[in-house]
Amino acid sequence: MTNSYLDGLSALAPEVCLTVTALAVLVLDLVQQGRDSRRVGWLSLAGLAVTAWLLWGQWGQQSQVVFGMVVVDQFANFFKLFTVLSLAVVVVFVMNDRRERKDGIGEYYFLLLGAAIGAFFMVGTNNLLLMVLALELLSLSSYSLAGFHKNERRSAEASMKYVIFGGLSTGIMVYGVSLLYGLTGTIDLARMGTSDGTGAVVGLVGQLGTSPVPVAIAIVMVLAGFAYKVSIAPFHFWTPDVYEGAPTPVTTFLAVGSKAAGFGALLRFLGALFLRDGVQQVVADYGDRIGLLLGILAAVTMTIGNLAALRQTSLKRMLAYSSIAHAGYVLIGLACMTPAGFSAAMYYLAAYYFMNLGAFGFLLYFEGVTGKSTIDSLKGMGPRAPLISVAMVAFLISLTGLPPTVGFYGKYLLFLEGWRSGFAWLLVIAGANTVLSLFYYFRVAKALFLSDASEREVRPQPWFVGFVTALSVCTILLGIYTTPLQEWARRSLDLLASL
Amino acid sequence: MEANILSWIVFVPLIGTALILLLPKSAINAVKGVSVIATAIPLVLATWMYFGLFEMGTAKYQFVENVPWIKALGANYFIGIDGLSLALVWLTALLLFIGVIASFGIEKAGKAYYALLLLLEVGISGVFVSLDFFLFYVFWEVMLLPMYFLIGIWGGPRREYAAIKFFLYTLAGSMLMLVALVALRLDGNTFSIPRLVELAAAGSLTGANLPLHGHLLGMQFTTWIFWFLFIGFAIKVPVFPFHTWLPDAHVQAPTPISVILAGILLKLGGYGMLRACFPLVPTAFNQFAFALAVLGVISIVYGAFVALGQTDFKRMVAYSSVSHMGYVLLGMAALTYWGTSGAVLQMFNHGTSSAALFLIVGVIYDRAHHRDLNGFGGLAQVQKRYWALTTLGFFAALGLPGLAGFVSEAMTLVGAYGASDTRFQTMVLISTLGIVFTAAFLLWAMQRIFLGNLNEKYKSLPDINARETFCQAPLLFLCVALGIAPWFLLDYMEPSVRNLVDLLAAAH
């Protein structure tokens, strides 16, 4: 390794591209003074496309830059691509949001791109300090985005709650990081997990024998920060209010992009500490105990999310609680503490991408039609807008986890790995939760198709409807055409090997 | 074509669905035509397979197709039938065909209705032919969604409630099934049901390969798997106490859907137990066989008793299904050749007789627009042909000697009486109460509808029409024919049933 930080900076090309796009968006908005907000959207999409292309070119690369603080590996690449692709969908949503205010659209896109940059660094580092900073960048952008409708009380309230909750959680996390640093002598996750317990860097192995309680406190505190980001109970309280108050495209980003990035960082944290080659047995055993903790959190999270979702009358709020429940499902994979379990969790996130983006697209469309986001307002709309409604049914099946959809395979893989790691009890709870979730998901289908037909006119948005339908086709197709699934199963373990 | 006849039977309706979706909304007659053809082809193929191609006297799987499907999961497109599934595959094809014809009277029905109906057929016949547990599960779930919409959109006043209740109950069962399925996959390292059965018979499917080392919360691994699978299937049968979705679903569903629901969907539960529950965990089955018999007897007596108290014609028939399916469970639990083959025969016979009964209910409901048993009276005077057909259907259902129901019920009872566990004899004695109740509610219903003074309101009620008779005819014919010549089914299934019974008994 050389001493200049410019070395290997080309590995950061995607991040640079995103930053340049963000700045260009601001300039373009300034120049044209809000005349054609769509143009800004197209520019963002172009920037994202280039970023995705650059990421694609990096596939398989493995390097560390900026004194090893930033890691470029396949694992990071997966989550970066995930972020870019979900952001691209969000940008499409923004461009088709009929309720969007037109002034300040430049800032809107700028903040979204800023959040993505935060997500990029969050998943692409083994350095806890940088991870916290990146998480803050993502959070700060999200706070402003949540409150973007500043004249709406709910939006402002959402933003405020988000700030307070986020501030508290990151505070706890930073404290945990400082404890970990004090205990182990390093903030580099890789060394923390694999150090041999001697010298300046004592690592986890050096502390587990002598002071297990401080280590436990420190790790739990760090986990709290992640738990807040991906809305795991008991750090989920902000989620429904923020999701409901924020503009729908922002909610979409929080529920998909931001959540996936949070999971990416959490997976890296756990993987680097406990699953890395060269981890001592005592550390790996400790990881299994953390896995049990995560398993309990998974059960609690999915149950709370689903029970609360049962009672919602607003589709948006229901999707918020459903996203909490899905975080619980993903946690099953994490609780396994095996590479295969992590791989299943990542597959589930990929499945979640299609079905949840689709569901939010549907929500956005009907908010444009009815001006409301209640489930009641959807009554009898199925025959009025058949294509997007049938697409929604596909998303609902997938969210419930029924075949033949991508969501089913995601759930199946989680169940498989759960059994393999001895979490049979958790799977029964997850199964019960699936049944619960069917009840509220199908309230939407019921409103759409089972109620008497509505007289309301639907304004056509053919491109957008086509877009959402395409997502539903993916949801179904990935459930039937399973080659991508097979490829995933084959490759994902390499992906994790680079952790 | 002969080699992959099963695939044709399963997927021809799917082609029909696709065609229907391509047709314009206004071309309702074309939609009906496509539906008739898409259900007639599987019926013809299944008949050909039954009488022409199926090789009797062997327990091995026939018309097997086995191609890799999802390699990463180890799931194969592995289908085939034996004596257990042959008759049920044929029954599926028949009842769906009848279901389509019976649907012509539904005014609201359009493209979507027929498309869903055909999709339902894909799911049902798929389950009956699957020999890969994963494939089995996928088909099992595929049939839920069409059913939900068929009840929920085209059903009666409380259709929304009934539809979601049906969906939730079945899903609860299939989630348990999924948990068990995954465990079996991990333990046996295969999804192939025949292979899993072999492993189980060799005593090596006990969860030893799982981190729990065969035990979970103080219970054997196999015990868990058994109950997970059993409850999953029992909900579908439905066995008391998992039956409460059934009356609601039946009462709210439109007539053709009730026919399919009672005729075939319930059989999936019983078939599932024989194919994918008992032989996979034979020791646990032996251990709990008596408990199953008790549940079966409760279903028989309770179902019939509750049917006695119903004033809604359709609800009464629905509860009679609970009672009749109880025989299936009792017969299977006995673990004798007579009991098990009686159970399979009973499934088939209940498929024809209950389907006929629901059609009968549909006929009167279409004319009188209500189903209150006390609101009719003396209809025998105006609807002579309808009365005759109903009488036949009722007698078939109450097990009159000479008709099909008698043979199968007698076989299950005799089989259960001969079980090695002598407690079964008490169970058989108790279950005869069910026979009394069944006769009581059917005859009483007949008296209230057809006999007595003619209700003036219905003086000019039209008799059963040609289309309705056409739907009834094959079902009632089968009720008579199989009462006289039950060997038409029994001979085909014998080797498979014997094989299964020996296998289960060996694990005792």
# chains A, B, ... in the order shown; residues from 1 in each chain; ligands from 1

$ closest_atom_pairs --of "chain B" --to "chain A" --cutoff "7 Å" --atoms "only C-alpha atoms" --output "Markdown table"
| residue | atom | partner | partner_atom | distance |
| --- | --- | --- | --- | --- |
| B:Ile70 | CA | A:Thr482 | CA | 6.3 |
| B:Lys71 | CA | A:Gln486 | CA | 6.8 |
| B:Ala72 | CA | A:Gln486 | CA | 4.9 |
| B:Val138 | CA | A:Pro403 | CA | 5.7 |
| B:Glu141 | CA | A:Pro403 | CA | 6.4 |
| B:Val142 | CA | A:Pro403 | CA | 6.7 |
| B:Gly152 | CA | A:Leu450 | CA | 5.8 |
| B:Ile153 | CA | A:Leu450 | CA | 5.0 |
| B:Glu160 | CA | A:Leu450 | CA | 6.8 |
| B:Leu168 | CA | A:Val435 | CA | 6.1 |
| B:Leu171 | CA | A:Val435 | CA | 6.1 |
| B:Ala172 | CA | A:Val435 | CA | 5.6 |
| B:Met175 | CA | A:Gly431 | CA | 5.1 |
| B:Leu176 | CA | A:Gly431 | CA | 6.8 |
| B:Val179 | CA | A:Leu427 | CA | 6.7 |
| B:Val182 | CA | A:Leu416 | CA | 5.6 |
| B:Ala183 | CA | A:Trp419 | CA | 6.3 |
| B:Leu210 | CA | A:Arg420 | CA | 6.2 |
| B:Pro211 | CA | A:Gly422 | CA | 5.3 |
| B:Leu212 | CA | A:Gly422 | CA | 6.0 |

$ write_last_selection --atoms "N, CA and C atoms" --output "PDB file, in the first residue's frame"
ATOM      1  N   ILE B  70     -35.737 -26.230 -10.295  1.00  0.00           N
ATOM      2  CA  ILE B  70     -34.899 -25.211  -9.668  1.00  0.00           C
ATOM      3  C   ILE B  70     -33.715 -25.925  -9.054  1.00  0.00           C
ATOM      4  N   LYS B  71     -32.620 -25.944  -9.794  1.00  0.00           N
ATOM      5  CA  LYS B  71     -31.488 -26.749  -9.346  1.00  0.00           C
ATOM      6  C   LYS B  71     -30.949 -26.263  -8.018  1.00  0.00           C
ATOM      7  N   ALA B  72     -30.964 -24.925  -7.849  1.00  0.00           N
ATOM      8  CA  ALA B  72     -30.361 -24.387  -6.631  1.00  0.00           C
ATOM      9  C   ALA B  72     -31.080 -24.895  -5.387  1.00  0.00           C
ATOM     10  N   VAL B 138     -46.136 -25.621  -4.165  1.00  0.00           N
ATOM     11  CA  VAL B 138     -46.409 -24.496  -5.067  1.00  0.00           C
ATOM     12  C   VAL B 138     -47.821 -24.615  -5.645  1.00  0.00           C
ATOM     13  N   GLU B 141     -50.503 -23.786  -3.085  1.00  0.00           N
ATOM     14  CA  GLU B 141     -50.728 -22.371  -2.843  1.00  0.00           C
ATOM     15  C   GLU B 141     -51.354 -21.687  -4.045  1.00  0.00           C
ATOM     16  N   VAL B 142     -51.027 -22.188  -5.232  1.00  0.00           N
ATOM     17  CA  VAL B 142     -51.552 -21.555  -6.438  1.00  0.00           C
ATOM     18  C   VAL B 142     -53.073 -21.590  -6.453  1.00  0.00           C
ATOM     19  N   GLY B 152     -64.904 -14.428  -3.142  1.00  0.00           N
ATOM     20  CA  GLY B 152     -64.983 -13.032  -2.707  1.00  0.00           C
ATOM     21  C   GLY B 152     -65.704 -12.123  -3.682  1.00  0.00           C
ATOM     22  N   ILE B 153     -65.616 -12.390  -4.969  1.00  0.00           N
ATOM     23  CA  ILE B 153     -66.266 -11.500  -5.938  1.00  0.00           C
ATOM     24  C   ILE B 153     -67.649 -12.013  -6.300  1.00  0.00           C
ATOM     25  N   GLU B 160     -67.069 -11.380   1.504  1.00  0.00           N
ATOM     26  CA  GLU B 160     -65.735 -10.881   1.831  1.00  0.00           C
ATOM     27  C   GLU B 160     -65.197 -11.604   3.063  1.00  0.00           C
ATOM     28  N   LEU B 168     -57.283 -17.391   5.087  1.00  0.00           N
ATOM     29  CA  LEU B 168     -56.459 -17.375   6.299  1.00  0.00           C
ATOM     30  C   LEU B 168     -56.294 -18.777   6.883  1.00  0.00           C
ATOM     31  N   LEU B 171     -54.031 -20.801   4.659  1.00  0.00           N
ATOM     32  CA  LEU B 171     -52.646 -20.328   4.711  1.00  0.00           C
ATOM     33  C   LEU B 171     -51.990 -20.712   6.030  1.00  0.00           C
ATOM     34  N   ALA B 172     -52.756 -20.638   7.105  1.00  0.00           N
ATOM     35  CA  ALA B 172     -52.197 -21.045   8.396  1.00  0.00           C
ATOM     36  C   ALA B 172     -51.703 -22.481   8.295  1.00  0.00           C
ATOM     37  N   MET B 175     -48.568 -22.708   6.067  1.00  0.00           N
ATOM     38  CA  MET B 175     -47.331 -22.218   6.690  1.00  0.00           C
ATOM     39  C   MET B 175     -46.699 -23.326   7.544  1.00  0.00           C
ATOM     40  N   LEU B 176     -47.539 -24.029   8.281  1.00  0.00           N
ATOM     41  CA  LEU B 176     -47.016 -25.164   9.048  1.00  0.00           C
ATOM     42  C   LEU B 176     -46.400 -26.183   8.100  1.00  0.00           C
ATOM     43  N   VAL B 179     -42.966 -25.043   6.977  1.00  0.00           N
ATOM     44  CA  VAL B 179     -41.932 -25.265   7.984  1.00  0.00           C
ATOM     45  C   VAL B 179     -41.502 -26.745   7.968  1.00  0.00           C
ATOM     46  N   VAL B 182     -39.500 -27.643   4.696  1.00  0.00           N
ATOM     47  CA  VAL B 182     -38.104 -27.217   4.730  1.00  0.00           C
ATOM     48  C   VAL B 182     -37.288 -28.174   5.597  1.00  0.00           C
ATOM     49  N   ALA B 183     -37.860 -28.554   6.730  1.00  0.00           N
ATOM     50  CA  ALA B 183     -37.136 -29.451   7.625  1.00  0.00           C
ATOM     51  C   ALA B 183     -36.877 -30.794   6.956  1.00  0.00           C
ATOM     52  N   LEU B 210     -30.285 -32.326  11.459  1.00  0.00           N
ATOM     53  CA  LEU B 210     -30.571 -30.940  11.797  1.00  0.00           C
ATOM     54  C   LEU B 210     -29.900 -30.590  13.117  1.00  0.00           C
ATOM     55  N   PRO B 211     -29.694 -29.308  13.340  1.00  0.00           N
ATOM     56  CA  PRO B 211     -28.995 -28.932  14.578  1.00  0.00           C
ATOM     57  C   PRO B 211     -29.729 -29.349  15.845  1.00  0.00           C
ATOM     58  N   LEU B 212     -31.024 -29.677  15.729  1.00  0.00           N
ATOM     59  CA  LEU B 212     -31.740 -30.022  16.963  1.00  0.00           C
ATOM     60  C   LEU B 212     -31.504 -31.461  17.374  1.00  0.00           C
TER      61      LEU B 212
END

$ residues_around --residues "A:Ser139" --least-positions-apart "2" --cutoff "9 Å" --atoms "only C-alpha atoms" --output "ChimeraX atom specification"
/A:115,118,134-137,141-144,162-163,166,229,258

$ write_last_selection --atoms "N, CA and C atoms" --output "mmCIF file, in the first residue's frame"
data_model
loop_
_atom_site.group_PDB
_atom_site.id
_atom_site.type_symbol
_atom_site.label_atom_id
_atom_site.label_comp_id
_atom_site.auth_asym_id
_atom_site.auth_seq_id
_atom_site.Cartn_x
_atom_site.Cartn_y
_atom_site.Cartn_z
ATOM 1 N N ALA A 115 -28.300 11.286 0.012
ATOM 2 C CA ALA A 115 -28.592 10.104 0.833
ATOM 3 C C ALA A 115 -27.932 8.876 0.235
ATOM 4 N N GLY A 118 -24.328 8.721 1.065
ATOM 5 C CA GLY A 118 -24.181 8.202 2.427
ATOM 6 C C GLY A 118 -24.303 6.696 2.452
ATOM 7 N N ALA A 134 -21.101 8.009 7.583
ATOM 8 C CA ALA A 134 -21.923 7.778 6.391
ATOM 9 C C ALA A 134 -23.374 7.619 6.782
ATOM 10 N N LEU A 135 -23.594 6.925 7.890
ATOM 11 C CA LEU A 135 -24.967 6.744 8.365
ATOM 12 C C LEU A 135 -25.591 8.097 8.683
ATOM 13 N N GLU A 136 -24.771 8.997 9.232
ATOM 14 C CA GLU A 136 -25.275 10.336 9.524
ATOM 15 C C GLU A 136 -25.614 11.090 8.241
ATOM 16 N N LEU A 137 -24.761 10.939 7.228
ATOM 17 C CA LEU A 137 -25.028 11.615 5.953
ATOM 18 C C LEU A 137 -26.360 11.134 5.381
ATOM 19 N N SER A 141 -29.763 13.653 5.247
ATOM 20 C CA SER A 141 -30.518 13.866 4.002
ATOM 21 C C SER A 141 -31.948 13.403 4.176
ATOM 22 N N SER A 142 -32.101 12.283 4.878
ATOM 23 C CA SER A 142 -33.454 11.740 5.044
ATOM 24 C C SER A 142 -34.317 12.657 5.898
ATOM 25 N N TYR A 143 -33.724 13.248 6.950
ATOM 26 C CA TYR A 143 -34.513 14.151 7.790
ATOM 27 C C TYR A 143 -35.121 15.267 6.948
ATOM 28 N N SER A 144 -34.262 15.892 6.134
ATOM 29 C CA SER A 144 -34.770 17.023 5.347
ATOM 30 C C SER A 144 -35.794 16.545 4.334
ATOM 31 N N TYR A 162 -38.228 12.223 13.375
ATOM 32 C CA TYR A 162 -37.128 11.484 12.776
ATOM 33 C C TYR A 162 -35.804 11.996 13.330
ATOM 34 N N VAL A 163 -35.674 13.331 13.390
ATOM 35 C CA VAL A 163 -34.426 13.928 13.875
ATOM 36 C C VAL A 163 -34.169 13.506 15.315
ATOM 37 N N GLY A 166 -33.526 9.755 15.469
ATOM 38 C CA GLY A 166 -32.264 9.439 14.812
ATOM 39 C C GLY A 166 -31.088 9.920 15.638
ATOM 40 N N LYS A 229 -31.915 2.343 12.022
ATOM 41 C CA LYS A 229 -31.882 2.600 10.577
ATOM 42 C C LYS A 229 -32.798 1.644 9.811
ATOM 43 N N SER A 258 -32.871 3.017 1.787
ATOM 44 C CA SER A 258 -32.231 3.312 3.056
ATOM 45 C C SER A 258 -32.200 2.072 3.942
#

$ residues_around --residues "A:Leu55" --least-positions-apart "5" --cutoff "7 Å" --atoms "only C-alpha atoms" --output "VMD selection string"
chain A and resid 14 77 81

$ closest_residue --among "A:Ile304, A:Leu273, A:Val242, A:Leu315" --to "A:Glu367" --atoms "only C-alpha atoms"
A:Leu315

$ closest_residue --among "A:Leu128, A:Ile476, A:His236, A:Ser159" --to "A:Thr186" --atoms "only C-alpha atoms"
A:Leu128

$ closest_residue --among "B:Met143, B:Ala253, B:Ala388, B:Ala397" --to "B:Cys479" --atoms "only C-alpha atoms"
B:Ala397

$ residues_around --residues "stretch 306-310 of chain A" --least-positions-apart "4" --cutoff "9 Å" --atoms "only C-alpha atoms" --output "list in words"
Thr301, Met302, Arg317, Met318, Leu319, Ala320, Tyr321, Ser322, Ile324, Ala325, Asn433, Thr434, Leu436, Ser437, Phe439, Tyr440 and Tyr441 of chain A

$ write_last_selection --atoms "C-alpha atoms" --output "PDB file, in the first residue's frame"
ATOM      1  CA  THR A 301     -40.115  -7.079  15.227  1.00  0.00           C
ATOM      2  CA  MET A 302     -42.203  -9.081  12.800  1.00  0.00           C
ATOM      3  CA  ARG A 317     -49.156   3.579   7.256  1.00  0.00           C
ATOM      4  CA  MET A 318     -49.918  -0.060   6.678  1.00  0.00           C
ATOM      5  CA  LEU A 319     -46.969  -0.343   4.322  1.00  0.00           C
ATOM      6  CA  ALA A 320     -44.840   1.328   6.969  1.00  0.00           C
ATOM      7  CA  TYR A 321     -45.711  -1.335   9.512  1.00  0.00           C
ATOM      8  CA  SER A 322     -45.350  -4.005   6.882  1.00  0.00           C
ATOM      9  CA  ILE A 324     -41.105  -3.244   9.930  1.00  0.00           C
ATOM     10  CA  ALA A 325     -42.411  -6.787   9.670  1.00  0.00           C
ATOM     11  CA  ASN A 433     -46.906 -13.804  11.078  1.00  0.00           C
ATOM     12  CA  THR A 434     -47.338 -14.629   7.427  1.00  0.00           C
ATOM     13  CA  LEU A 436     -51.450 -12.346  10.026  1.00  0.00           C
ATOM     14  CA  SER A 437     -49.953 -10.375   7.186  1.00  0.00           C
ATOM     15  CA  PHE A 439     -55.171 -10.519   6.532  1.00  0.00           C
ATOM     16  CA  TYR A 440     -54.114  -6.934   6.119  1.00  0.00           C
ATOM     17  CA  TYR A 441     -52.501  -7.234   2.712  1.00  0.00           C
TER      18      TYR A 441
END

$ residues_around --residues "A:Ile375" --least-positions-apart "4" --cutoff "9 Å" --atoms "only C-alpha atoms" --output "list of chain:residue names"
A:Gln312, A:Thr313, A:Ser314, A:Leu315, A:Lys316, A:Lys379, A:Arg443, A:Val444, A:Ala447, A:Leu448

$ atom_distance --atom1 "atom CA of B:Thr17" --atom2 "atom CA of B:Leu119"
6.5 Å

$ atom_distance --atom1 "atom CA of B:Ile41" --atom2 "atom CA of B:Ala262"
22.5 Å

$ residues_around --residues "stretch 86-99 of chain A" --least-positions-apart "6" --cutoff "9 Å" --atoms "only C-alpha atoms" --output "number ranges by chain"
A: 37-38, 41-42, 44-45, 48-49, 109, 112-113, 116, 247-250, 252-253, 256-257, 353, 357, 360-361, 364-365, 367-369, 371, 461, 464

$ write_last_selection --atoms "N, CA and C atoms" --output "JSON list (two decimals), in the first residue's frame"
[["chain", "number", "residue", "atom", "x", "y", "z"],
["A", 37, "SER", "N", -39.37, 20.79, -14.27],
["A", 37, "SER", "CA", -38.76, 19.99, -13.21],
["A", 37, "SER", "C", -38.40, 18.59, -13.71],
["A", 38, "ARG", "N", -39.05, 18.16, -14.79],
["A", 38, "ARG", "CA", -38.77, 16.81, -15.29],
["A", 38, "ARG", "C", -37.34, 16.70, -15.79],
["A", 41, "GLY", "N", -35.12, 15.64, -13.24],
["A", 41, "GLY", "CA", -35.29, 14.21, -12.99],
["A", 41, "GLY", "C", -34.51, 13.38, -13.99],
["A", 42, "TRP", "N", -34.61, 13.78, -15.27],
["A", 42, "TRP", "CA", -33.89, 13.02, -16.29],
["A", 42, "TRP", "C", -32.39, 13.08, -16.07],
["A", 44, "SER", "N", -30.91, 13.40, -13.19],
["A", 44, "SER", "CA", -30.59, 12.49, -12.09],
["A", 44, "SER", "C", -30.55, 11.05, -12.57],
["A", 45, "LEU", "N", -31.54, 10.70, -13.38],
["A", 45, "LEU", "CA", -31.59, 9.32, -13.89],
["A", 45, "LEU", "C", -30.33, 9.00, -14.69],
["A", 48, "LEU", "N", -27.53, 8.43, -12.39],
["A", 48, "LEU", "CA", -27.66, 7.12, -11.74],
["A", 48, "LEU", "C", -27.29, 6.00, -12.70],
["A", 49, "ALA", "N", -27.68, 6.19, -13.97],
["A", 49, "ALA", "CA", -27.35, 5.17, -14.96],
["A", 49, "ALA", "C", -25.85, 5.03, -15.09],
["A", 109, "TYR", "N", -33.98, 16.40, -5.42],
["A", 109, "TYR", "CA", -33.11, 15.41, -6.05],
["A", 109, "TYR", "C", -31.73, 15.41, -5.41],
["A", 112, "LEU", "N", -31.81, 13.46, -2.26],
["A", 112, "LEU", "CA", -31.91, 12.02, -2.55],
["A", 112, "LEU", "C", -30.55, 11.47, -2.94],
["A", 113, "LEU", "N", -29.86, 12.20, -3.81],
["A", 113, "LEU", "CA", -28.54, 11.73, -4.25],
["A", 113, "LEU", "C", -27.56, 11.75, -3.08],
["A", 116, "ALA", "N", -27.96, 8.80, -1.10],
["A", 116, "ALA", "CA", -27.36, 7.63, -1.75],
["A", 116, "ALA", "C", -25.85, 7.61, -1.51],
["A", 247, "PRO", "N", -43.23, 12.73, 1.97],
["A", 247, "PRO", "CA", -43.77, 12.55, 0.62],
["A", 247, "PRO", "C", -43.59, 11.10, 0.19],
["A", 248, "THR", "N", -44.53, 10.56, -0.56],
["A", 248, "THR", "CA", -44.51, 9.13, -0.87],
["A", 248, "THR", "C", -43.20, 8.65, -1.51],
["A", 249, "PRO", "N", -42.63, 9.38, -2.47],
["A", 249, "PRO", "CA", -41.36, 8.89, -3.02],
["A", 249, "PRO", "C", -40.27, 8.78, -1.96],
["A", 250, "VAL", "N", -40.28, 9.74, -1.02],
["A", 250, "VAL", "CA", -39.28, 9.68, 0.04],
["A", 250, "VAL", "C", -39.52, 8.46, 0.92],
["A", 252, "THR", "N", -40.79, 5.77, -0.02],
["A", 252, "THR", "CA", -40.31, 4.63, -0.78],
["A", 252, "THR", "C", -38.81, 4.46, -0.61],
["A", 253, "PHE", "N", -38.10, 5.57, -0.70],
["A", 253, "PHE", "CA", -36.65, 5.47, -0.55],
["A", 253, "PHE", "C", -36.27, 4.98, 0.84],
["A", 256, "VAL", "N", -37.06, 1.21, 1.14],
["A", 256, "VAL", "CA", -36.31, 0.25, 0.33],
["A", 256, "VAL", "C", -34.81, 0.56, 0.34],
["A", 257, "GLY", "N", -34.43, 1.71, -0.23],
["A", 257, "GLY", "CA", -33.01, 2.02, -0.38],
["A", 257, "GLY", "C", -32.31, 2.16, 0.95],
["A", 353, "TYR", "N", -37.19, -5.58, -2.80],
["A", 353, "TYR", "CA", -37.04, -4.45, -3.73],
["A", 353, "TYR", "C", -38.20, -4.40, -4.71],
["A", 357, "LEU", "N", -41.28, -1.75, -3.87],
["A", 357, "LEU", "CA", -41.31, -0.61, -4.79],
["A", 357, "LEU", "C", -42.62, -0.61, -5.55],
["A", 360, "PHE", "N", -45.48, 0.61, -3.39],
["A", 360, "PHE", "CA", -45.44, 2.06, -3.21],
["A", 360, "PHE", "C", -45.81, 2.79, -4.50],
["A", 361, "GLY", "N", -45.44, 2.20, -5.63],
["A", 361, "GLY", "CA", -45.83, 2.80, -6.91],
["A", 361, "GLY", "C", -47.33, 2.83, -7.05],
["A", 364, "LEU", "N", -48.67, 5.54, -4.84],
["A", 364, "LEU", "CA", -48.44, 6.85, -5.43],
["A", 364, "LEU", "C", -49.48, 7.14, -6.51],
["A", 365, "TYR", "N", -49.74, 6.12, -7.32],
["A", 365, "TYR", "CA", -50.71, 6.29, -8.40],
["A", 365, "TYR", "C", -52.07, 6.64, -7.84],
["A", 367, "GLU", "N", -52.82, 7.82, -4.88],
["A", 367, "GLU", "CA", -52.83, 9.13, -4.23],
["A", 367, "GLU", "C", -53.09, 10.21, -5.25],
["A", 368, "GLY", "N", -52.52, 10.00, -6.44],
["A", 368, "GLY", "CA", -52.75, 10.96, -7.52],
["A", 368, "GLY", "C", -54.21, 10.96, -7.97],
["A", 369, "VAL", "N", -54.84, 9.80, -7.92],
["A", 369, "VAL", "CA", -56.22, 9.69, -8.38],
["A", 369, "VAL", "C", -57.20, 10.22, -7.35],
["A", 371, "GLY", "N", -56.33, 11.49, -4.13],
["A", 371, "GLY", "CA", -55.84, 12.48, -3.18],
["A", 371, "GLY", "C", -55.76, 11.95, -1.77],
["A", 461, "GLN", "N", -52.32, 7.40, -16.71],
["A", 461, "GLN", "CA", -50.88, 7.70, -16.64],
["A", 461, "GLN", "C", -50.20, 6.49, -17.25],
["A", 464, "PHE", "N", -46.57, 5.41, -16.36],
["A", 464, "PHE", "CA", -46.33, 5.04, -14.98],
["A", 464, "PHE", "C", -46.98, 3.69, -14.65]]

$ select_by_dssp --residues "stretch 75-209 of chain A" --states "alpha helix (DSSP H)" --output "PyMOL selection string"
chain A and resi 75-96+105-123+128-146+153-184+189-194+203-208

$ residues_around --residues "B:Leu413" --least-positions-apart "5" --cutoff "9 Å" --atoms "only C-alpha atoms" --output "list in words"
Tyr327, Leu330, Gly331, Trp338, Gly339, Gly342, Ser408, Gly418, Gln425, Val428, Leu429, Ser431 and Thr432 of chain B

$ atom_distance --atom1 "atom CA of A:Ile172" --atom2 "atom CA of A:Val282"
26.2 Å

$ closest_residue --among "A:Leu130, A:Cys17, A:Leu189, A:Ala76" --to "A:Gly114" --atoms "only C-alpha atoms"
A:Cys17
